[in-house]
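The block underneath contains the structure these notes are about, expressed in structure tokens.
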Amino acid sequence: ALLAESQRLAQELQERSDELQRQQGELRNSNTELEEKAALLAQQNRAIEIQNFQIEQARRTLEERAEQLAISSRYKSEFLANMSHELRTPLNSLLVLAKLLSENPGGNLTDKQVEFAQTIHDSGTDLLELINDILDLAKVEAGKMELHPQRLAVSGLVDYVEATFRPLATDKGLNFDVDVSPEVPGLLYTDEQRLQQVLRNLLSNAVKFTAEGDVRLRIERAGDISFTLPALWNTPDVIAFRVIDTGIGISADKLQVIFEAFQQADGTTSRRYGGTGLGLSISRNI
């Protein structure tokens with residue numbers, strides 16, 4: 001009986017020894033896996049540190065480039081402002097003298113000479129407009145365009161538009177109308193000069209690109225018109241100015257391009273219709 005009990009205990013001890021060895025093997029495997037995971041985690045941490053260092057370097061580089069761009073933009077704006085002043089001063093004198101020559105008060109110039117003087121005056125006027133547009137664009141890009149809102153009578157604005165564009169439209173044989181909705185108040189609060197500049201650009205394009213038919217300016221409450229700026233949505237005190245014409249139109253794929261500086265819907269049209277492609281860009285930014 002004792003021999004049998006001893007054999008049974010020896011068998012149990014052997015089984016427990018085998019179980020312990022198996023557990024030790026699993027423990028060794030687990031330790032090996034943990035060591036591998038620890039090594040992998042260390043590698044990942046190192047990679048993250050390298051990435052963070054690279055990100056920090058990229059951020060510093062971006063800050064330096066942004067600072068350089070700001071300095072370059074300031075230099076560009078100052079250069080354009082100074083150059084426009086230096087160009088406009090002699091150009092104004094040139095325009096005055098060319099105008100005097102084209103009027104020929106002494107009557108001592110030939111018709112051809114008067115025509116040349118008028119051409120000089122017209123070209124100088126175009127150049128002056130280009131200089132003014134470039135200066136305005138530089139001011140807008142630099143955030144230096146100052147606005148001076150004040151009360152503006154709608155009737156005065158209509159008189160300005162009529163006096164400026166009705167002769168141009170009549171000269172091309174176009175009908176020109178300004179329609180003011182009864183809901184529009186008599187007074188607006190806006191920057192008169194900039195509003196006139198935007199309307200001047202839009203109406204000039206309408207007259208320029210319309211060969212026959214009519215050009216209309218409609219002034220009305222904005223209502224449910226979709227605005228690019230969400231801040232203007234469902235705002236009752238906003239006035240919409242619509243310029244409508246029967247001109248050549250704009251293809252849908254060009255609607256965004258024409259608002260970029262120096263761009264036109266068709267590059268070949270610049271030869272026929274003229275223009276710098278700055279008017280709409282300046283109008284949008286204003």
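Chains: A, B, ... in order of the structure tokens. Residues: from 1 per chain. Ligands: from 1, in order shown.
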All alpha helix (DSSP H) residues (DSSP, backbone) inside range 101-189 of chain A, as an MDAnalysis selection string: chainID A and resid 101:103 111:141 154:171
Write a file of the selected residues as a short mmCIF file (atom, residue, chain, number, x, y, z; two decimals), in the first residue's frame, keeping N, CA and C atoms.
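Result file follows (again05.cif):
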data_model
loop_
_atom_site.label_atom_id
_atom_site.label_comp_id
_atom_site.auth_asym_id
_atom_site.auth_seq_id
_atom_site.Cartn_x
_atom_site.Cartn_y
_atom_site.Cartn_z
N LEU A 101 -3.33 120.36 -76.35
CA LEU A 101 -2.97 120.23 -77.76
C LEU A 101 -4.14 119.72 -78.60
N SER A 102 -4.90 118.77 -78.05
CA SER A 102 -6.02 118.21 -78.82
C SER A 102 -7.12 119.24 -79.02
N GLU A 103 -7.26 120.18 -78.09
CA GLU A 103 -8.27 121.24 -78.26
C GLU A 103 -7.81 122.29 -79.27
N ASP A 111 -5.06 118.66 -88.63
CA ASP A 111 -6.00 117.65 -88.13
C ASP A 111 -5.27 116.40 -87.66
N LYS A 112 -4.21 116.03 -88.37
CA LYS A 112 -3.45 114.84 -87.99
C LYS A 112 -2.76 115.04 -86.66
N GLN A 113 -2.20 116.24 -86.45
CA GLN A 113 -1.53 116.55 -85.18
C GLN A 113 -2.53 116.54 -84.03
N VAL A 114 -3.73 117.08 -84.27
CA VAL A 114 -4.78 117.05 -83.24
C VAL A 114 -5.15 115.61 -82.91
N GLU A 115 -5.22 114.77 -83.96
CA GLU A 115 -5.54 113.36 -83.75
C GLU A 115 -4.46 112.67 -82.93
N PHE A 116 -3.19 113.00 -83.23
CA PHE A 116 -2.09 112.42 -82.45
C PHE A 116 -2.19 112.85 -80.98
N ALA A 117 -2.48 114.11 -80.74
CA ALA A 117 -2.59 114.61 -79.37
C ALA A 117 -3.73 113.92 -78.63
N GLN A 118 -4.85 113.68 -79.33
CA GLN A 118 -5.98 112.99 -78.71
C GLN A 118 -5.61 111.55 -78.38
N THR A 119 -4.85 110.92 -79.27
CA THR A 119 -4.40 109.55 -79.02
C THR A 119 -3.49 109.50 -77.79
N ILE A 120 -2.60 110.48 -77.68
CA ILE A 120 -1.72 110.55 -76.50
C ILE A 120 -2.56 110.71 -75.24
N HIS A 121 -3.58 111.56 -75.28
CA HIS A 121 -4.43 111.78 -74.12
C HIS A 121 -5.20 110.52 -73.75
N ASP A 122 -5.76 109.84 -74.74
CA ASP A 122 -6.53 108.62 -74.47
C ASP A 122 -5.64 107.52 -73.90
N SER A 123 -4.45 107.35 -74.48
CA SER A 123 -3.53 106.32 -73.99
C SER A 123 -3.06 106.64 -72.58
N GLY A 124 -2.78 107.91 -72.33
CA GLY A 124 -2.36 108.32 -70.98
C GLY A 124 -3.46 108.09 -69.96
N THR A 125 -4.72 108.34 -70.37
CA THR A 125 -5.84 108.10 -69.46
C THR A 125 -5.95 106.62 -69.12
N ASP A 126 -5.79 105.75 -70.12
CA ASP A 126 -5.82 104.30 -69.88
C ASP A 126 -4.71 103.89 -68.93
N LEU A 127 -3.52 104.47 -69.14
CA LEU A 127 -2.38 104.14 -68.28
C LEU A 127 -2.63 104.61 -66.85
N LEU A 128 -3.24 105.76 -66.69
CA LEU A 128 -3.55 106.27 -65.36
C LEU A 128 -4.55 105.37 -64.65
N GLU A 129 -5.54 104.88 -65.38
CA GLU A 129 -6.52 103.96 -64.79
C GLU A 129 -5.85 102.67 -64.36
N LEU A 130 -4.92 102.17 -65.18
CA LEU A 130 -4.19 100.96 -64.84
C LEU A 130 -3.38 101.16 -63.56
N ILE A 131 -2.69 102.30 -63.45
CA ILE A 131 -1.89 102.59 -62.25
C ILE A 131 -2.80 102.64 -61.02
N ASN A 132 -3.96 103.29 -61.16
CA ASN A 132 -4.88 103.37 -60.04
C ASN A 132 -5.40 101.99 -59.64
N ASP A 133 -5.69 101.14 -60.64
CA ASP A 133 -6.17 99.79 -60.34
C ASP A 133 -5.10 98.97 -59.62
N ILE A 134 -3.88 99.05 -60.09
CA ILE A 134 -2.79 98.30 -59.45
C ILE A 134 -2.58 98.76 -58.03
N LEU A 135 -2.66 100.06 -57.81
CA LEU A 135 -2.49 100.59 -56.45
C LEU A 135 -3.64 100.11 -55.55
N ASP A 136 -4.87 100.12 -56.07
CA ASP A 136 -6.00 99.64 -55.28
C ASP A 136 -5.84 98.17 -54.95
N LEU A 137 -5.39 97.38 -55.93
CA LEU A 137 -5.20 95.95 -55.70
C LEU A 137 -4.14 95.72 -54.63
N ALA A 138 -3.05 96.49 -54.68
CA ALA A 138 -2.00 96.36 -53.68
C ALA A 138 -2.52 96.73 -52.30
N LYS A 139 -3.35 97.76 -52.22
CA LYS A 139 -3.91 98.17 -50.93
C LYS A 139 -4.81 97.07 -50.37
N VAL A 140 -5.63 96.47 -51.23
CA VAL A 140 -6.53 95.42 -50.77
C VAL A 140 -5.73 94.22 -50.28
N GLU A 141 -4.73 93.79 -51.05
CA GLU A 141 -3.94 92.62 -50.66
C GLU A 141 -3.19 92.86 -49.36
N VAL A 154 -29.75 107.64 -52.04
CA VAL A 154 -29.87 106.77 -53.20
C VAL A 154 -30.07 107.59 -54.46
N SER A 155 -30.81 108.69 -54.36
CA SER A 155 -31.04 109.53 -55.53
C SER A 155 -29.74 110.09 -56.08
N GLY A 156 -28.81 110.47 -55.19
CA GLY A 156 -27.51 110.96 -55.64
C GLY A 156 -26.70 109.88 -56.34
N LEU A 157 -26.79 108.64 -55.82
CA LEU A 157 -26.09 107.53 -56.46
C LEU A 157 -26.67 107.26 -57.85
N VAL A 158 -27.99 107.31 -57.96
CA VAL A 158 -28.63 107.09 -59.26
C VAL A 158 -28.22 108.18 -60.25
N ASP A 159 -28.18 109.43 -59.79
CA ASP A 159 -27.76 110.53 -60.67
C ASP A 159 -26.34 110.31 -61.17
N TYR A 160 -25.45 109.83 -60.27
CA TYR A 160 -24.06 109.56 -60.67
C TYR A 160 -24.00 108.48 -61.75
N VAL A 161 -24.74 107.39 -61.54
CA VAL A 161 -24.74 106.29 -62.50
C VAL A 161 -25.31 106.76 -63.85
N GLU A 162 -26.40 107.50 -63.80
CA GLU A 162 -27.03 108.01 -65.03
C GLU A 162 -26.07 108.90 -65.80
N ALA A 163 -25.44 109.85 -65.09
CA ALA A 163 -24.55 110.80 -65.75
C ALA A 163 -23.32 110.11 -66.33
N THR A 164 -22.87 109.04 -65.68
CA THR A 164 -21.64 108.39 -66.11
C THR A 164 -21.86 107.42 -67.26
N PHE A 165 -22.96 106.65 -67.22
CA PHE A 165 -23.09 105.53 -68.15
C PHE A 165 -24.16 105.70 -69.22
N ARG A 166 -25.12 106.58 -69.01
CA ARG A 166 -26.12 106.75 -70.07
C ARG A 166 -25.48 107.25 -71.37
N PRO A 167 -24.56 108.23 -71.31
CA PRO A 167 -23.91 108.65 -72.57
C PRO A 167 -23.14 107.52 -73.25
N LEU A 168 -22.46 106.68 -72.46
CA LEU A 168 -21.71 105.56 -73.04
C LEU A 168 -22.64 104.57 -73.72
N ALA A 169 -23.77 104.26 -73.02
CA ALA A 169 -24.72 103.31 -73.59
C ALA A 169 -25.38 103.88 -74.84
N THR A 170 -25.75 105.16 -74.79
CA THR A 170 -26.38 105.80 -75.96
C THR A 170 -25.44 105.80 -77.15
N ASP A 171 -24.15 106.03 -76.88
CA ASP A 171 -23.16 106.07 -77.95
C ASP A 171 -23.06 104.72 -78.66
#
Measure the distance from CA of Val184 in chain A to CA of Ser204 in chain A in Å and round it to one decimal. 23.7 Å
